[in-house]
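Here's the structure we're looking at; comments come further down.
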Amino acid sequence: MSTHTGTAAKRKAPDSTTEAESKKRRSPTRVNPALYLFPLPAVAIIAVFLVMPTLQAFQYAITDWNGFSAAFNYVGVDNFVRAFTKDSLFTNALTNNLKFVLLVVIAQTLFSLLLALLLTRNSRGNVVLRALFFFPTILSSVSVAFIWKFIYDPNFGLANSALGAIGLDGLQGSYLGNNSQALYWVAVTQVWFHAGQMMVVYIAGLQAIPRELYEAAEMDGANKWQQFKSITWPFVAPATSIVVAYTTVQSFKAFDLILGIAGNPPKGSLDILSTRIYSTFANSEFGYAAAQSIIFMGMIALVTWLQRRLLRLTPKGE
């Protein structure tokens, strides 16, 4: 009996050792404290160039500082009240900017999605067309502004010349010279500028959809619209959230495009928040301009949040 017991104990010993080693391997690995030093350069850069200026903007926003004098007075929320109640230039720029964002977001999202649907297949012709539509994105904003400023020129611009050549002289116009239409024509320029870039985002989303889903839908008798509504749109919804958010930020920041097309300062019909803030800084009203910048930042955050809620991409409970 003792021989059998000893043999059994020897057989169990390796199992217990293996179990102990397995637990040791499964135990969490200790992180070397030195690894925490690696993010410090990035954190320092963000703190110096982002966090500190943002905090200083909040500080300046409640003052009447002119940007040069060492003396200034604290005015509380007067700058914010002035922006919404006493400054017609700011409220005009805000209205223009919201209208511009709405126009560009709707047009650019629809146009880029349409291009992606037409150019999803990786054929040679589609690849060439993708490159052509993407090409404007690599140009600088100033270059695009001067190109379209020439196109819109009422005297020798390409738009009026082309319309005259095909006998549509009645459709010729002054474009940017028409205050009621100028913002719409700049929106066309913005869509032309970035639609190809957003098309690439949609193509990536469309190519990730399993083809079996479309084959099954066709077997069930679903038409193209039903396939789009039930398969394509749910799968490209995440891509749409990216496109809408990016397009919104682009539209709010169309500073160089507006100045390139309309000059500095732009006329009232083309004045948006970024150009209005720039003009306020140029007038040595740094405290008031800081308050406008905070309103501008809050406006972008609010619009982006509302878009996410409308697209129903924000998780419940967030």
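By convention here, the chains of the structure tokens are called A, B, ... in the order presented, each chain's residues are numbered starting at 1, and ligands are numbered starting at 1 in the order presented.
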
When you look at Ala237 in chain A with a cut-off of 9 Å (counting only C-alpha atoms), what residues show up, excluding the ones that are within fewer than 5 positions of it in the same chain? I need them as a compact mmCIF listing (two decimals) with N, CA, C and O atoms, in the first residue's frame.
# COMPACT_ATOMS: atom_id res chain seq x y z
N GLY A 205 -16.38 52.26 -46.05
CA GLY A 205 -17.52 51.66 -45.36
C GLY A 205 -18.32 50.73 -46.26
O GLY A 205 -18.76 49.67 -45.83
N THR A 232 -27.37 48.88 -46.85
CA THR A 232 -26.30 49.86 -47.05
C THR A 232 -26.27 50.93 -45.97
O THR A 232 -25.23 51.18 -45.35
N ILE A 242 -18.75 60.11 -39.09
CA ILE A 242 -17.42 60.71 -39.30
C ILE A 242 -17.52 61.84 -40.32
O ILE A 242 -16.98 62.93 -40.11
N LEU A 311 -28.33 61.32 -35.43
CA LEU A 311 -27.94 60.10 -36.13
C LEU A 311 -28.08 58.85 -35.27
O LEU A 311 -27.88 57.74 -35.75
N LEU A 313 -26.24 57.72 -32.92
CA LEU A 313 -25.01 56.94 -32.78
C LEU A 313 -24.42 57.07 -31.39
O LEU A 313 -23.42 56.43 -31.08

Practice prompt. Give me every helix (DSSP H, G or I) residue in range 39-182 of chain A, going by DSSP on the backbone, as a VMD selection string.
Written response: chain A and resid 40 to 61 78 to 85 88 to 118 124 to 138 141 to 152 158 to 165 169 to 171 175 to 177 182

Practice prompt. Just the residues within 9 Å of range 129-135 of chain A, please, counting only C-alpha atoms, with nothing from its chain fewer than 5 positions along; format it as a PyMOL selection string.
Written response: chain A and resi 115-116+119+124+192-200

Could those selected residues go to a file with N, CA and C atoms, as an mmCIF file, in the first residue's frame?
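Writing done, so here's part-v9.cif:
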data_model
loop_
_atom_site.group_PDB
_atom_site.id
_atom_site.type_symbol
_atom_site.label_atom_id
_atom_site.label_comp_id
_atom_site.auth_asym_id
_atom_site.auth_seq_id
_atom_site.Cartn_x
_atom_site.Cartn_y
_atom_site.Cartn_z
ATOM 1 N N LEU A 115 -21.227 59.636 -54.859
ATOM 2 C CA LEU A 115 -19.990 59.293 -55.562
ATOM 3 C C LEU A 115 -19.473 57.923 -55.119
ATOM 4 N N ALA A 116 -19.526 57.671 -53.808
ATOM 5 C CA ALA A 116 -19.037 56.392 -53.285
ATOM 6 C C ALA A 116 -19.869 55.232 -53.821
ATOM 7 N N LEU A 119 -18.825 54.586 -57.387
ATOM 8 C CA LEU A 119 -17.425 54.214 -57.621
ATOM 9 C C LEU A 119 -16.917 53.175 -56.624
ATOM 10 N N ARG A 124 -10.595 49.840 -63.145
ATOM 11 C CA ARG A 124 -9.608 50.853 -63.520
ATOM 12 C C ARG A 124 -10.255 52.218 -63.713
ATOM 13 N N TRP A 192 -17.150 71.158 -53.436
ATOM 14 C CA TRP A 192 -16.201 70.713 -54.463
ATOM 15 C C TRP A 192 -14.827 70.408 -53.856
ATOM 16 N N PHE A 193 -14.461 71.197 -52.870
ATOM 17 C CA PHE A 193 -13.145 71.091 -52.242
ATOM 18 C C PHE A 193 -12.989 69.778 -51.458
ATOM 19 N N HIS A 194 -14.024 69.358 -50.730
ATOM 20 C CA HIS A 194 -13.862 68.251 -49.781
ATOM 21 C C HIS A 194 -14.733 67.027 -50.046
ATOM 22 N N ALA A 195 -15.606 67.056 -51.033
ATOM 23 C CA ALA A 195 -16.479 65.901 -51.273
ATOM 24 C C ALA A 195 -15.675 64.652 -51.624
ATOM 25 N N GLY A 196 -14.601 64.798 -52.386
ATOM 26 C CA GLY A 196 -13.773 63.652 -52.735
ATOM 27 C C GLY A 196 -13.123 63.001 -51.531
ATOM 28 N N GLN A 197 -12.755 63.815 -50.564
ATOM 29 C CA GLN A 197 -12.170 63.279 -49.335
ATOM 30 C C GLN A 197 -13.178 62.457 -48.553
ATOM 31 N N MET A 198 -14.400 62.955 -48.444
ATOM 32 C CA MET A 198 -15.437 62.213 -47.736
ATOM 33 C C MET A 198 -15.904 60.994 -48.532
ATOM 34 N N MET A 199 -15.771 61.054 -49.858
ATOM 35 C CA MET A 199 -16.093 59.904 -50.692
ATOM 36 C C MET A 199 -15.240 58.702 -50.316
ATOM 37 N N VAL A 200 -13.969 58.931 -50.021
ATOM 38 C CA VAL A 200 -13.053 57.843 -49.646
ATOM 39 C C VAL A 200 -13.518 57.172 -48.355
#

Worksheet item: Counting only C-alpha atoms, which of A:Asn264, A:Leu89, A:Asp78, A:Asn179 gets nearest to Thr63 in chain A?
Response: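 Selected residue with least distance to Thr63 in chain A: A:Asp78.
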
Taking 4 positions as the minimum chain separation for residues in the same chain, which residues sit within 9 Å of Val236 in chain A when counting only C-alpha atoms? Answer as a PDB file with N, CA, C and O atoms, in the first residue's frame.
ATOM      1  N   TYR A 202     -16.613  56.946 -47.287  1.00  0.00           N
ATOM      2  CA  TYR A 202     -17.792  56.140 -47.616  1.00  0.00           C
ATOM      3  C   TYR A 202     -17.415  54.876 -48.390  1.00  0.00           C
ATOM      4  O   TYR A 202     -18.006  53.808 -48.171  1.00  0.00           O
ATOM      5  N   GLY A 205     -16.375  52.255 -46.050  1.00  0.00           N
ATOM      6  CA  GLY A 205     -17.518  51.658 -45.361  1.00  0.00           C
ATOM      7  C   GLY A 205     -18.317  50.733 -46.258  1.00  0.00           C
ATOM      8  O   GLY A 205     -18.764  49.666 -45.831  1.00  0.00           O
ATOM      9  N   LEU A 206     -18.497  51.118 -47.519  1.00  0.00           N
ATOM     10  CA  LEU A 206     -19.271  50.296 -48.450  1.00  0.00           C
ATOM     11  C   LEU A 206     -18.558  48.997 -48.786  1.00  0.00           C
ATOM     12  O   LEU A 206     -19.195  47.939 -48.911  1.00  0.00           O
ATOM     13  N   ILE A 209     -19.066  45.947 -46.440  1.00  0.00           N
ATOM     14  CA  ILE A 209     -20.361  45.266 -46.347  1.00  0.00           C
ATOM     15  C   ILE A 209     -20.264  43.910 -47.046  1.00  0.00           C
ATOM     16  O   ILE A 209     -19.850  43.844 -48.208  1.00  0.00           O
ATOM     17  N   ILE A 231     -29.747  47.521 -45.812  1.00  0.00           N
ATOM     18  CA  ILE A 231     -28.388  46.985 -45.723  1.00  0.00           C
ATOM     19  C   ILE A 231     -27.338  48.099 -45.764  1.00  0.00           C
ATOM     20  O   ILE A 231     -26.536  48.255 -44.833  1.00  0.00           O
ATOM     21  N   THR A 232     -27.367  48.877 -46.852  1.00  0.00           N
ATOM     22  CA  THR A 232     -26.297  49.859 -47.052  1.00  0.00           C
ATOM     23  C   THR A 232     -26.273  50.926 -45.971  1.00  0.00           C
ATOM     24  O   THR A 232     -25.229  51.181 -45.354  1.00  0.00           O
ATOM     25  N   THR A 240     -21.006  57.767 -41.830  1.00  0.00           N
ATOM     26  CA  THR A 240     -21.759  59.018 -41.920  1.00  0.00           C
ATOM     27  C   THR A 240     -21.489  59.921 -40.722  1.00  0.00           C
ATOM     28  O   THR A 240     -21.384  61.141 -40.858  1.00  0.00           O
ATOM     29  N   SER A 241     -21.371  59.326 -39.541  1.00  0.00           N
ATOM     30  CA  SER A 241     -21.074  60.126 -38.350  1.00  0.00           C
ATOM     31  C   SER A 241     -19.722  60.814 -38.486  1.00  0.00           C
ATOM     32  O   SER A 241     -19.556  61.969 -38.082  1.00  0.00           O
TER      33      SER A 241
END

Item to complete: Work out how far CA of Ser140 in chain A is from CA of Phe156 in chain A, in Å to one decimal.
Response: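 Between these atoms lies a distance of 23.5 Å.
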
Worksheet item: Do you have the CA of Ala93 in chain A-CA of Leu158 in chain A distance handy?
Response: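 Between CA of Ala93 in chain A and CA of Leu158 in chain A the gap is 29.1 Å.
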
Item to complete: Have a look at A:Ala145, A:Leu310, A:Ile62, A:Met52 and name the one nearest to Glu285 in chain A; count only C-alpha atoms.
Response: A:Ile62

Discussion item. Which residues are close to Trp148 in chain A, i.e. within 8 Å by only C-alpha atoms, leaving aside same-chain residues fewer than 3 positions away? Reply as a list in words.
Written reply: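 Near Trp148 in chain A, the qualifying residues are Val144, Ala145, Ile151, Tyr152, Thr189 and Ile261 of chain A.
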
Using only C-alpha atoms, tabulate the residues of range 25-115 of chain A lying at most 7 Å from any atom of range 291-307 of chain A, each with its closest atom pair and that distance in Å to one decimal, by chain and increasing residue number, as a tab-separated table.
residue	atom	partner	partner_atom	distance
A:Ala61	CA	A:Ala291	CA	4.4
A:Asn79	CA	A:Ala291	CA	6.1
A:Phe80	CA	A:Ala291	CA	6.1

Fill in: For CA of Leu113 in chain A and CA of Val191 in chain A, the interatomic separation in Å (one decimal)
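For CA of Leu113 in chain A relative to CA of Val191 in chain A, the distance reads 12.4 Å.
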